[in-house]
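*Asks:* Contents of run-v8.txt (compact mmCIF, C-alpha atoms):
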```txt
# COMPACT_ATOMS: atom_id res chain seq x y z
CA ASN A 125 -8.96 21.11 14.88
CA ALA A 126 -6.95 17.91 14.95
CA GLY A 127 -7.48 17.28 11.19
CA VAL A 128 -6.76 13.65 10.30
CA THR A 129 -5.48 11.45 13.12
CA GLN A 130 -3.87 8.07 12.51
CA THR A 131 -2.96 5.47 15.10
CA PRO A 132 -0.62 3.77 15.75
CA LYS A 133 2.40 5.64 14.37
CA PHE A 134 4.59 2.53 14.29
CA ARG A 135 3.88 -1.18 14.42
CA ILE A 136 5.75 -4.43 13.90
CA LEU A 137 3.68 -7.46 12.96
CA LYS A 138 4.61 -11.08 12.53
CA ILE A 139 3.63 -12.87 9.34
CA GLY A 140 0.05 -14.07 9.59
CA GLN A 141 -1.03 -11.64 12.30
CA SER A 142 -3.87 -9.18 11.81
CA MET A 143 -4.32 -5.57 12.84
CA THR A 144 -6.45 -2.50 12.30
CA LEU A 145 -5.05 0.90 11.39
CA GLN A 146 -7.24 3.64 12.76
CA CYS A 147 -8.09 6.90 10.97
CA THR A 148 -10.33 9.67 12.32
CA GLN A 149 -11.08 13.11 10.89
CA ASP A 150 -12.92 15.96 12.57
CA MET A 151 -13.54 18.16 9.53
CA ASN A 152 -16.84 16.55 8.53
CA HIS A 153 -15.30 15.49 5.23
CA ASN A 154 -17.30 13.09 3.10
CA TYR A 155 -14.38 11.56 1.23
CA MET A 156 -11.72 9.44 2.93
CA TYR A 157 -8.82 7.48 1.48
CA TRP A 158 -6.14 4.96 2.41
CA TYR A 159 -2.82 5.05 0.57
CA ARG A 160 0.37 3.07 0.98
CA GLN A 161 3.82 4.40 0.22
CA ASP A 162 6.67 1.97 -0.37
CA PRO A 163 10.26 3.19 0.12
CA GLY A 164 11.27 5.73 -2.50
CA MET A 165 7.96 5.50 -4.29
CA GLY A 166 4.79 7.50 -4.74
CA LEU A 167 1.47 6.75 -3.09
CA LYS A 168 -0.88 4.01 -4.23
CA LEU A 169 -4.57 4.00 -3.38
CA ILE A 170 -5.81 1.00 -1.38
CA TYR A 171 -9.46 1.88 -0.65
CA TYR A 172 -11.60 4.98 -0.57
CA SER A 173 -15.01 6.06 0.68
CA VAL A 174 -17.32 8.81 -0.55
CA GLY A 175 -19.50 8.74 2.56
CA ALA A 176 -20.66 6.67 5.49
CA GLY A 177 -21.64 3.18 4.44
CA ILE A 178 -19.93 3.44 1.03
CA THR A 179 -16.49 2.04 0.23
CA ASP A 180 -14.70 1.11 -2.97
CA LYS A 181 -11.45 -0.49 -4.06
CA GLY A 182 -8.47 1.46 -5.26
CA GLU A 183 -5.40 0.31 -7.15
CA VAL A 184 -3.99 -2.16 -4.59
CA PRO A 185 -6.82 -3.53 -2.37
CA ASN A 186 -5.71 -7.17 -2.01
CA GLY A 187 -5.01 -8.17 1.58
CA TYR A 188 -6.95 -5.26 3.06
CA ASN A 189 -10.49 -4.46 4.16
CA VAL A 190 -12.20 -1.25 5.21
CA SER A 191 -15.45 -0.08 6.73
CA ARG A 192 -17.09 3.34 7.06
CA SER A 193 -19.79 3.22 9.68
CA THR A 194 -19.49 6.92 10.56
CA THR A 195 -18.38 10.06 8.71
CA GLU A 196 -15.43 10.48 11.08
CA ASP A 197 -13.84 7.01 11.07
CA PHE A 198 -12.29 4.95 8.29
CA PRO A 199 -10.33 1.98 9.72
CA LEU A 200 -8.12 -0.21 7.54
CA ARG A 201 -7.93 -3.90 8.41
CA LEU A 202 -4.98 -6.13 7.50
CA GLU A 203 -5.73 -9.84 7.60
CA LEU A 204 -2.92 -12.41 7.53
CA ALA A 205 -0.09 -9.89 7.30
CA ALA A 206 2.62 -10.57 4.70
CA PRO A 207 6.10 -9.02 4.24
CA SER A 208 4.82 -7.34 1.05
CA GLN A 209 2.58 -5.20 3.27
CA THR A 210 5.59 -3.54 4.90
CA SER A 211 5.00 0.09 4.02
CA VAL A 212 3.94 3.48 5.32
CA TYR A 213 0.19 3.90 5.34
CA PHE A 214 -1.47 7.28 4.95
CA CYS A 215 -5.06 8.19 5.52
CA ALA A 216 -6.49 11.29 3.87
CA SER A 217 -9.78 13.12 3.70
CA SER A 218 -11.39 15.78 1.53
CA HIS A 219 -14.66 17.68 1.49
CA SER A 220 -15.47 16.22 -1.90
CA GLY A 221 -13.59 14.63 -4.76
CA ASP A 222 -12.96 18.09 -6.21
CA TYR A 223 -11.14 19.51 -3.19
CA GLY A 224 -7.62 19.17 -1.92
CA TYR A 225 -6.61 16.45 0.48
CA THR A 226 -5.65 16.61 4.15
CA PHE A 227 -3.32 13.79 5.14
CA GLY A 228 -2.70 12.10 8.46
CA SER A 229 0.86 11.71 9.74
CA GLY A 230 1.13 8.08 8.63
CA THR A 231 1.59 4.63 10.16
CA ARG A 232 4.89 2.85 9.56
CA LEU A 233 4.21 -0.90 9.44
CA THR A 234 6.84 -3.61 9.32
CA VAL A 235 5.89 -7.26 8.79
CA VAL A 236 8.57 -9.76 9.80
CA GLY B 181 -5.27 4.16 -16.38
CA ILE B 182 -3.76 7.60 -16.44
CA GLN B 183 0.03 7.83 -16.24
CA VAL B 184 1.83 10.57 -14.32
CA GLU B 185 5.48 11.46 -14.84
CA GLN B 186 7.55 13.93 -12.87
CA SER B 187 10.89 15.48 -13.69
CA PRO B 188 13.56 15.74 -12.64
CA PRO B 189 13.57 12.73 -10.28
CA ASP B 190 16.23 14.37 -8.11
CA LEU B 191 17.33 17.98 -7.73
CA ILE B 192 20.06 19.52 -5.59
CA LEU B 193 20.08 23.28 -5.10
CA GLN B 194 22.07 25.82 -3.19
CA GLU B 195 20.00 27.91 -0.80
CA GLY B 196 18.59 30.95 -2.59
CA ALA B 197 18.36 29.31 -6.02
CA ASN B 198 15.18 28.97 -8.05
CA SER B 199 13.77 25.76 -9.50
CA THR B 200 11.02 24.40 -11.72
CA LEU B 201 9.45 20.98 -11.22
CA ARG B 202 7.39 19.43 -13.98
CA CYS B 203 4.44 17.02 -14.00
CA ASN B 204 3.23 15.41 -17.23
CA PHE B 205 0.08 13.32 -17.48
CA SER B 206 -1.17 11.04 -20.20
CA ASP B 207 -4.85 11.96 -20.35
CA SER B 208 -7.17 14.88 -19.70
CA VAL B 209 -7.72 15.67 -16.04
CA ASN B 210 -10.30 17.57 -14.08
CA ASN B 211 -8.25 17.95 -10.92
CA LEU B 212 -4.58 18.30 -10.02
CA GLN B 213 -2.78 18.77 -6.73
CA TRP B 214 0.82 19.41 -5.68
CA PHE B 215 2.08 18.05 -2.36
CA HIS B 216 5.25 18.43 -0.35
CA GLN B 217 6.44 15.50 1.78
CA ASN B 218 8.94 16.78 4.32
CA PRO B 219 11.90 14.72 5.55
CA TRP B 220 9.79 13.48 8.47
CA GLY B 221 7.19 12.04 6.11
CA GLN B 222 4.38 14.55 6.59
CA LEU B 223 2.38 15.30 3.43
CA ILE B 224 1.23 18.87 2.96
CA ASN B 225 -1.12 20.06 0.23
CA LEU B 226 0.54 22.95 -1.62
CA PHE B 227 -1.86 23.70 -4.44
CA TYR B 228 -5.14 22.49 -5.80
CA ILE B 229 -4.78 23.63 -9.41
CA PRO B 230 -6.74 21.93 -12.21
CA SER B 231 -5.93 24.84 -14.52
CA GLY B 232 -4.39 28.30 -14.51
CA THR B 233 -1.81 29.78 -12.16
CA LYS B 234 -1.71 30.17 -8.39
CA GLN B 235 0.87 31.67 -6.06
CA ASN B 236 1.53 31.22 -2.38
CA GLY B 237 4.56 33.08 -1.11
CA ARG B 238 7.72 31.77 -2.78
CA LEU B 239 5.81 28.96 -4.46
CA SER B 240 3.67 29.15 -7.54
CA ALA B 241 2.09 26.59 -9.86
CA THR B 242 0.78 26.60 -13.38
CA THR B 243 -1.35 23.92 -15.03
CA VAL B 244 -1.92 23.83 -18.79
CA ALA B 245 -4.58 21.16 -18.94
CA THR B 246 -4.88 21.22 -22.75
CA GLU B 247 -1.17 20.35 -23.06
CA ARG B 248 -1.27 17.88 -20.14
CA TYR B 249 1.35 19.33 -17.84
CA SER B 250 1.78 21.30 -14.66
CA LEU B 251 4.79 23.22 -13.31
CA LEU B 252 5.73 24.02 -9.73
CA TYR B 253 8.08 26.98 -9.24
CA ILE B 254 10.13 27.44 -6.11
CA SER B 255 11.92 30.77 -5.78
CA SER B 256 14.66 31.73 -3.33
CA SER B 257 14.78 28.15 -2.04
CA GLN B 258 15.36 27.47 1.65
CA THR B 259 16.61 24.36 3.44
CA THR B 260 13.08 23.83 4.74
CA ASP B 261 11.95 23.29 1.13
CA SER B 262 13.82 19.97 1.08
CA GLY B 263 11.76 16.83 0.69
CA VAL B 264 9.76 15.14 -2.04
CA TYR B 265 7.27 16.97 -4.23
CA PHE B 266 4.37 14.95 -5.61
CA CYS B 267 1.93 15.76 -8.35
CA ALA B 268 -1.45 13.97 -8.20
CA VAL B 269 -4.13 13.99 -10.89
CA ASP B 270 -7.75 12.91 -11.18
CA ASN B 271 -9.19 12.14 -14.59
CA TYR B 272 -12.88 12.26 -13.79
CA GLY B 273 -12.72 9.42 -11.31
CA GLN B 274 -13.24 9.44 -7.58
CA ASN B 275 -9.64 9.70 -6.53
CA PHE B 276 -6.16 10.98 -7.38
CA VAL B 277 -3.27 9.12 -9.00
CA PHE B 278 0.16 10.16 -7.69
CA GLY B 279 3.32 10.63 -9.69
CA PRO B 280 6.66 9.18 -8.53
CA GLY B 281 7.82 12.49 -7.06
CA THR B 282 10.80 14.85 -7.34
CA ARG B 283 13.27 14.66 -4.46
CA LEU B 284 14.64 18.14 -3.68
CA SER B 285 17.66 18.80 -1.50
CA VAL B 286 18.47 22.41 -0.65
CA LEU B 287 21.97 22.88 0.71
CA PRO B 288 22.88 25.71 3.12
```
Do you think you could lay out the structure here as structure tokens?
*Replies:*
Amino acid sequence: NAGVTQTPKFRILKIGQSMTLQCTQDMNHNYMYWYRQDPGMGLKLIYYSVGAGITDKGEVPNGYNVSRSTTEDFPLRLELAAPSQTSVYFCASSHSGDYGYTFGSGTRLTVV
Amino acid sequence: GIQVEQSPPDLILQEGANSTLRCNFSDSVNNLQWFHQNPWGQLINLFYIPSGTKQNGRLSATTVATERYSLLYISSSQTTDSGVYFCAVDNYGQNFVFGPGTRLSVLP
């Protein structure tokens, strides 16, 4: 099993550009999450999904969008990138909200 | 929303020493997890422990939900234990709130 796969691992964006961070899991997990981690800080929830077709905002959703058309995929879209979005982005999944998380390896994004 | 505190913020140990990391939370929770983030950034789930005590090798965790804290014990520490340890709690919502972490450095 690959678990949770995130692509790309690194990316540099210019201010105002857009991009999509990809996240795929092969564990048939219903719940998926996007977190961001700023340097020296804990993780903050951006968006989450409890199943295909269902998404909801987390603590810091501004500047981001998500979709969940399949159980496996949960892409995160950045529109009009800003320097404040420089961070490491982690995708995670779980069987249900009551189970432990499996994290992807992260995407390090720099906006210049 | 719920607040999560972790202590100490930083900890330096000599290899072979034992340590206790603490997580305090401001409200009742129905779920709690401990994670280890290694120096390369990978996050690994250590324990899913909403209450009680669990052990896995040199690591064990205890959550006293009624008193709103959890403890992570590391015995006979090794250099590979270095990294940041996060506590994350869920208070009957759909997702977990992470604490700020404890940065552990184990010296050879």
*Asks:* Work out how far atom CA of B:Ser285 is from atom CA of A:Val212, in Å to one decimal.
*Replies:*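 Pair atom CA of A:Val212 / atom CA of B:Ser285 returns 21.7 Å.
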*Asks:* Set the cut-off to 10 Å and count all atoms listed in the file: what are the residues of chain A that reach chain B? Output as number ranges by chain.
*Replies:* A: 155-157, 164-169, 171-174, 180, 182-183, 212, 214, 216, 220-230
*Asks:* Taking into account only C-alpha atoms, which residue in the set A:Pro132, A:Val184, A:Arg192, A:Ile139 is nearest to A:Asn154?
*Replies:* A:Arg192
*Asks:* With distances taken over all atoms listed in the file, which of B:Gln217, B:Val286, B:Thr259, B:Val209 is nearest to B:Val244?
*Replies:*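 For B:Val244, the nearest of the candidates is B:Val209.
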*Asks:* Find the residues near B:Thr246: any atom within 12 Å, counting all atoms listed in the file, skip ones fewer than 5 places away on the same chain, and give them as a ChimeraX atom specification.
*Replies:* /B:204-210,230-232
*Asks:* Take the point (2.9, 20.9, -14.3) as written in the file and pick out every residue within 6 Å of it, counting all atoms listed in the file; give the list as a PyMOL selection string.
*Replies:* chain B and resi 202-203+243+249-251
*Asks:* Enclose all atoms of stretch 207-216 of chain A listed in the file in an axis-aligned box, grow every side by 4 Å, and hand back centre and edge lengths in Å to one decimal, as lines of an AutoDock Vina configuration file.
*Replies:*
```
center_x = -0.2
center_y = 1.1
center_z = 3.3
size_x = 20.6
size_y = 28.3
size_z = 12.5
```
*Asks:* Measure the distance from atom CA of A:Thr148 to atom CA of A:Leu200 in Å and round it to one decimal.
*Replies:*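 Between these atoms lies a distance of 11.2 Å.
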*Asks:* Which value, in Å to one decimal, gives the distance between atom CA of A:His153 and atom CA of A:Val128?
*Replies:*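 According to the coordinates, atom CA of A:His153 and atom CA of A:Val128 are separated by 10.1 Å.
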*Asks:* So, counting only C-alpha atoms, which residue among B:Glu247, B:Asp261, B:Pro288, B:Val269 is closest to B:Gln186?
*Replies:*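 Answer, going by the shortest atom-to-atom distance: B:Val269.
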*Asks:* Go through A:Ser218, A:Asn186, A:Thr234, A:Thr194 one by one, measure the shortest atom-to-atom distance of each to A:Arg135 using all atoms listed in the file, and give the residue with the smallest value.
*Replies:*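 Of A:Ser218, A:Asn186, A:Thr234, A:Thr194, the one nearest A:Arg135 is A:Thr234, counting all atoms listed in the file.
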